[in-house]
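Participant: Structure incoming, see below.
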Amino acid sequence: MGRRVVALASEDKTLQLVAAIENDQHPLLGQDAGDLAGVETLDVPLSSKWPNDADVVIDFSLPEAIDRCIEKCELHETALVVATTGMTDAQVERLNEASENIPIVWAPSMSLAVNLSMKLAQQITEKLLDVPGGLDIEIIERHHRYKADAPSGTALKFGDLIAEKLGDDTKHVHGREGHTGQRTRNEIGYHAVRVGDNPGEHTIVFGMLGERIELNVAASSRDCYAAGALAAAKWLNDKPEGMYDMFDVLEM
Ligand SMILES: NC(=O)C1=CN([C@@H]2O[C@H](COP(=O)(O)OP(=O)(O)OC[C@H]3O[C@@H](n4cnc5c(N)ncnc54)[C@H](OP(=O)(O)O)[C@@H]3O)[C@@H](O)[C@H]2O)C=CC1
Ligand SMILES: O=C(O)C1=N[C@H](C(=O)O)C[C@H](O)C1
């Protein structure tokens with residue numbers, strides 16, 4: 001994702017890339033971020049050093065890297081866009097604490113289509129709550145073989161937003177195996193598929209007796225996430241401290 005953020009930022013004359021940060025063991029440290037991203041040379045070397053002149057930091061990394069990122073952004077009073085998924089509960093708590101000092105956009109998907117689909121999923125759930133025979137909701141997500149966390153942060157957020165409509169007793173069930181017994185009414189099932197180079201696809205199945213709806217949202221490249229993160233960075237630049245998400249950025 002770092003390369004696509006650099007590439008798209010380099011095409012946007014309202015943005016200036018001031019740093020490209022990697023871990024201190026990375027074999028490409030010192031190489032130009034623009035060259036690595038396949039665009040023109042930007043005179044920004046890949047570095048593990050934290051910049052002190054950034055207005056906004058965009059984080060697409062790993063949970064292992066997020067603590068340092070939050071700490072540095074607080075120290076330098078830098079706005080932060082967090083796209084990384086798979087954080088622990090303690091890290092989420094830490095991120096919330098940091099939002100008392102700096103502005104943060106945090107979203108498991110920066111994609112416009114995904115965020116719109118989340119709103120649609122809530123509307124569909126609301127409309128089908130009392131459907132005769134009952135409603136079964138399952139979330140199937142597909143991603144590339146390199147993805148480190150499962151289910152995707154996006155699938156979990158779809159589930160949380162749907163659960164807001166279903167009620168407090170909603171159970172989140174991850175995969176099924178063995179003698180599971182019949183499906184209960186108040187569960188949301190999650191299924192994570194890892195195949196090839198899939199840039200991200202989510203299908204929300206709303207199953208009823210006699211018919212079903214499948215809400216499918218699929219990326220054809222990773223640029224929807226990079227573009228969304230850059231839009232979030234621009235939006236965040238003049239915001240006061242606080243926790244924001246892509247619904248705020250996209251005014252949904
Ligand atoms: N919100 C959204 O829209 C999206 C979120 N994501 C999320 O973004 C994250 C990154 O995804 P992706 O780019 O595919 O993953 P990659 O594994 O390709 O990239 C993660 C990068 O972070 C680097 N890194 C590791 N440790 C550190 C550190 N301590 N400091 C700085 N950088 C570090 C890794 O380096 P190294 O190679 O050396 O490990 C790697 O280059 C994932 O959590 C993914 O789920 C992805 C797409 C969209
Ligand atoms: O790792 C990815 O690739 C993606 N991760 C995010 C997630 O976990 O939801 C967003 C997107 O689906 C791509």
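Residue numbering restarts at 1 in every chain; chains get A, B, ... in the order shown in the structure tokens, and ligands count up from 1 in that same order.
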Step by step, measure atom-to-atom distances between ligand 1 and each residue using only C-alpha atoms and all ligand atoms, keep those at most 9 Å, then write them as a ChimeraX atom specification.

Facilitator: /A:1-4,20-28,47-48,59-69,82-87,106-111,144,146-150,152-154,199-200,222-226,228-229

Participant: Skip Val173 of chain A itself and residues of its chain fewer than 6 positions away, then list as a list of chain:residue names all residues within 9 Å of it, counting only C-alpha atoms.

Facilitator: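 Final neighbour list, sorted by chain and number: A:Glu187, A:Ile188, A:Gly189, A:Tyr190.
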
Participant: Mind writing the picked residues with C-alpha atoms as an mmCIF file, in the first residue's frame?

Facilitator:
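And here is the file that came out, part21.cif:
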data_model
loop_
_atom_site.group_PDB
_atom_site.id
_atom_site.type_symbol
_atom_site.label_atom_id
_atom_site.label_comp_id
_atom_site.auth_asym_id
_atom_site.auth_seq_id
_atom_site.Cartn_x
_atom_site.Cartn_y
_atom_site.Cartn_z
ATOM 1 C CA GLU A 187 -25.552 -14.783 14.844
ATOM 2 C CA ILE A 188 -23.431 -13.188 12.137
ATOM 3 C CA GLY A 189 -21.092 -15.673 10.432
ATOM 4 C CA TYR A 190 -17.662 -14.648 9.098
#

Participant: Please provide the set of residues having any atom within 12 Å of Ala163 of chain A, restricted to only C-alpha atoms, with same-chain residues fewer than 5 positions apart removed, written as a ChimeraX atom specification.

Facilitator: /A:118,121-122,125-126,129,137-138,156-158,168-172,186-189

Participant: Take the residues from that selection and put them in a file with N, CA and C atoms, as an mmCIF file, in the first residue's frame.

Facilitator:
data_model
loop_
_atom_site.group_PDB
_atom_site.id
_atom_site.type_symbol
_atom_site.label_atom_id
_atom_site.label_comp_id
_atom_site.auth_asym_id
_atom_site.auth_seq_id
_atom_site.Cartn_x
_atom_site.Cartn_y
_atom_site.Cartn_z
ATOM 1 N N MET A 118 -21.372 -0.194 3.457
ATOM 2 C CA MET A 118 -21.648 -0.362 4.900
ATOM 3 C C MET A 118 -22.966 0.299 5.268
ATOM 4 N N ALA A 121 -25.727 -1.867 3.910
ATOM 5 C CA ALA A 121 -25.907 -3.087 4.723
ATOM 6 C C ALA A 121 -26.747 -2.778 5.959
ATOM 7 N N GLN A 122 -26.520 -1.607 6.543
ATOM 8 C CA GLN A 122 -27.326 -1.230 7.719
ATOM 9 C C GLN A 122 -28.796 -1.024 7.326
ATOM 10 N N THR A 125 -30.457 -4.398 6.651
ATOM 11 C CA THR A 125 -30.709 -5.096 7.922
ATOM 12 C C THR A 125 -31.952 -4.531 8.597
ATOM 13 N N GLU A 126 -32.011 -3.210 8.655
ATOM 14 C CA GLU A 126 -33.144 -2.548 9.311
ATOM 15 C C GLU A 126 -34.472 -2.963 8.668
ATOM 16 N N LEU A 129 -35.438 -6.772 9.470
ATOM 17 C CA LEU A 129 -35.390 -7.219 10.871
ATOM 18 C C LEU A 129 -36.544 -8.171 11.223
ATOM 19 N N ILE A 137 -27.554 -13.597 8.479
ATOM 20 C CA ILE A 137 -26.546 -12.737 7.835
ATOM 21 C C ILE A 137 -25.170 -13.380 7.957
ATOM 22 N N GLU A 138 -24.500 -13.528 6.804
ATOM 23 C CA GLU A 138 -23.147 -14.081 6.785
ATOM 24 C C GLU A 138 -22.259 -13.140 5.966
ATOM 25 N N LEU A 156 -15.113 -7.148 9.911
ATOM 26 C CA LEU A 156 -15.484 -6.942 11.322
ATOM 27 C C LEU A 156 -16.318 -5.671 11.485
ATOM 28 N N LYS A 157 -15.950 -4.627 10.714
ATOM 29 C CA LYS A 157 -16.728 -3.379 10.829
ATOM 30 C C LYS A 157 -18.125 -3.559 10.229
ATOM 31 N N PHE A 158 -18.217 -4.260 9.093
ATOM 32 C CA PHE A 158 -19.549 -4.581 8.548
ATOM 33 C C PHE A 158 -20.369 -5.263 9.638
ATOM 34 N N ASP A 168 -28.216 -6.103 20.920
ATOM 35 C CA ASP A 168 -27.066 -6.395 21.793
ATOM 36 C C ASP A 168 -26.718 -7.872 21.913
ATOM 37 N N ASP A 169 -27.697 -8.758 21.658
ATOM 38 C CA ASP A 169 -27.408 -10.188 21.859
ATOM 39 C C ASP A 169 -26.811 -10.849 20.618
ATOM 40 N N THR A 170 -26.376 -10.046 19.633
ATOM 41 C CA THR A 170 -25.791 -10.607 18.406
ATOM 42 C C THR A 170 -24.493 -11.345 18.733
ATOM 43 N N LYS A 171 -24.355 -12.576 18.179
ATOM 44 C CA LYS A 171 -23.123 -13.350 18.362
ATOM 45 C C LYS A 171 -22.317 -13.303 17.074
ATOM 46 N N HIS A 172 -20.996 -13.185 17.196
ATOM 47 C CA HIS A 172 -20.132 -13.155 16.012
ATOM 48 C C HIS A 172 -19.449 -14.518 15.911
ATOM 49 N N ASN A 186 -29.578 -15.229 16.019
ATOM 50 C CA ASN A 186 -28.931 -13.947 16.338
ATOM 51 C C ASN A 186 -27.423 -13.959 16.076
ATOM 52 N N GLU A 187 -26.995 -14.781 15.095
ATOM 53 C CA GLU A 187 -25.552 -14.783 14.844
ATOM 54 C C GLU A 187 -25.208 -14.179 13.489
ATOM 55 N N ILE A 188 -23.998 -13.609 13.416
ATOM 56 C CA ILE A 188 -23.431 -13.188 12.137
ATOM 57 C C ILE A 188 -22.237 -14.102 11.895
ATOM 58 N N GLY A 189 -22.205 -14.770 10.749
ATOM 59 C CA GLY A 189 -21.092 -15.673 10.432
ATOM 60 C C GLY A 189 -20.048 -14.967 9.582
#

Participant: According to DSSP computed on the backbone, where in segment 9-228 of chain A is there helix (DSSP H, G or I)? Give the residues as a PyMOL selection string.

Facilitator: chain A and resi 9-10+33-37+63-76+89-98+112-128+153-166+223-228

Participant: Name the residues in contact with segment 70-77 of chain A at a cut-off of 7 Å, using only C-alpha atoms, excluding same-chain residues fewer than 2 positions from it; report them as a list in words.

Facilitator: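 My list of contacting residues is Asn52, Ile66, Asp67, Arg68, Ala79, Leu80, Leu95, Ala98, Asn101 and Ile102 of chain A.
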
Participant: Atoms to include: N, CA and C atoms. Write the selected residues as a CSV table (one decimal), in the first residue's frame.

Facilitator:
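This went into selection-v1.csv:
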chain,number,residue,atom,x,y,z
A,52,ASN,N,10.0,15.5,11.2
A,52,ASN,CA,9.4,16.5,12.1
A,52,ASN,C,8.6,17.6,11.4
A,66,ILE,N,2.3,0.1,14.9
A,66,ILE,CA,1.4,1.2,15.2
A,66,ILE,C,1.7,1.9,16.5
A,67,ASP,N,2.3,1.3,17.5
A,67,ASP,CA,2.5,1.9,18.8
A,67,ASP,C,3.5,3.1,18.6
A,68,ARG,N,4.6,2.8,17.8
A,68,ARG,CA,5.6,3.9,17.6
A,68,ARG,C,4.9,5.0,16.8
A,79,ALA,N,-1.3,15.1,12.6
A,79,ALA,CA,-2.6,14.4,12.4
A,79,ALA,C,-2.2,13.0,11.8
A,80,LEU,N,-3.1,12.1,12.0
A,80,LEU,CA,-2.8,10.7,11.7
A,80,LEU,C,-4.0,10.0,11.0
A,95,LEU,N,-5.1,4.2,20.8
A,95,LEU,CA,-5.4,5.1,19.7
A,95,LEU,C,-6.5,6.1,20.1
A,98,ALA,N,-5.0,8.7,22.2
A,98,ALA,CA,-4.3,9.7,21.4
A,98,ALA,C,-5.2,10.7,20.7
A,101,ASN,N,-5.6,14.2,21.9
A,101,ASN,CA,-4.5,15.1,21.7
A,101,ASN,C,-4.3,15.5,20.2
A,102,ILE,N,-4.6,14.6,19.3
A,102,ILE,CA,-4.4,14.9,17.9
A,102,ILE,C,-5.6,14.4,17.1

Participant: Go through A:His202, A:Ile124, A:Leu230, A:Asp89 one by one, measure the shortest atom-to-atom distance of each to Val57 of chain A using only C-alpha atoms, and give the residue with the smallest value.

Facilitator: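 Nearest to Val57 of chain A: A:Leu230.
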
Participant: Excluding Leu250 of chain A and residues on its chain fewer than 5 positions from it, collect all residues at most 10 Å away from it, counting only C-alpha atoms, and give them as JSON, numbers by chain.

Facilitator: {"A": [110, 111, 112, 115, 116, 228, 231, 232, 235, 245]}

Participant: Using only C-alpha atoms and all ligand atoms, can you tell me which of A:Lys119, A:Arg145, A:His174, A:Lys239 comes closest to ligand 2?

Facilitator: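 For ligand 2, the nearest of the candidates is A:Arg145.
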
Participant: Considering only C-alpha atoms and all ligand atoms, can you say which of A:Arg194, A:His179, A:Lys165, A:Lys127 comes closest to ligand 2?

Facilitator: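 Distance minimum relative to ligand 2 lands on A:Arg194.
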
Participant: Please, which residues of segment 136-189 of chain A, numbered as in this document, come out strand (DSSP E) from DSSP, as number ranges by chain?

Facilitator: A: 136-143, 171-174, 187-189

Participant: Compile the contact shell of Pro51 of chain A as a list in words: residues with an atom at most 8 Å away, counting only C-alpha atoms, same-chain residues fewer than 3 positions apart removed.

Facilitator: Val18, Ala19 and Ala54 of chain A

Participant: Quick one: of A:Ala155, A:Leu128, A:Ala9, A:Val217, who's nearest to ligand 2, counting only C-alpha atoms and all ligand atoms?

Facilitator: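 Smallest separation from ligand 2 among the options: A:Ala155.
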
Participant: Take atom CA of Thr78 of chain A and atom CA of Val114 of chain A and report the distance between them in Å, one decimal.

Facilitator: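 Going from atom CA of Thr78 of chain A over to atom CA of Val114 of chain A covers 26.9 Å.
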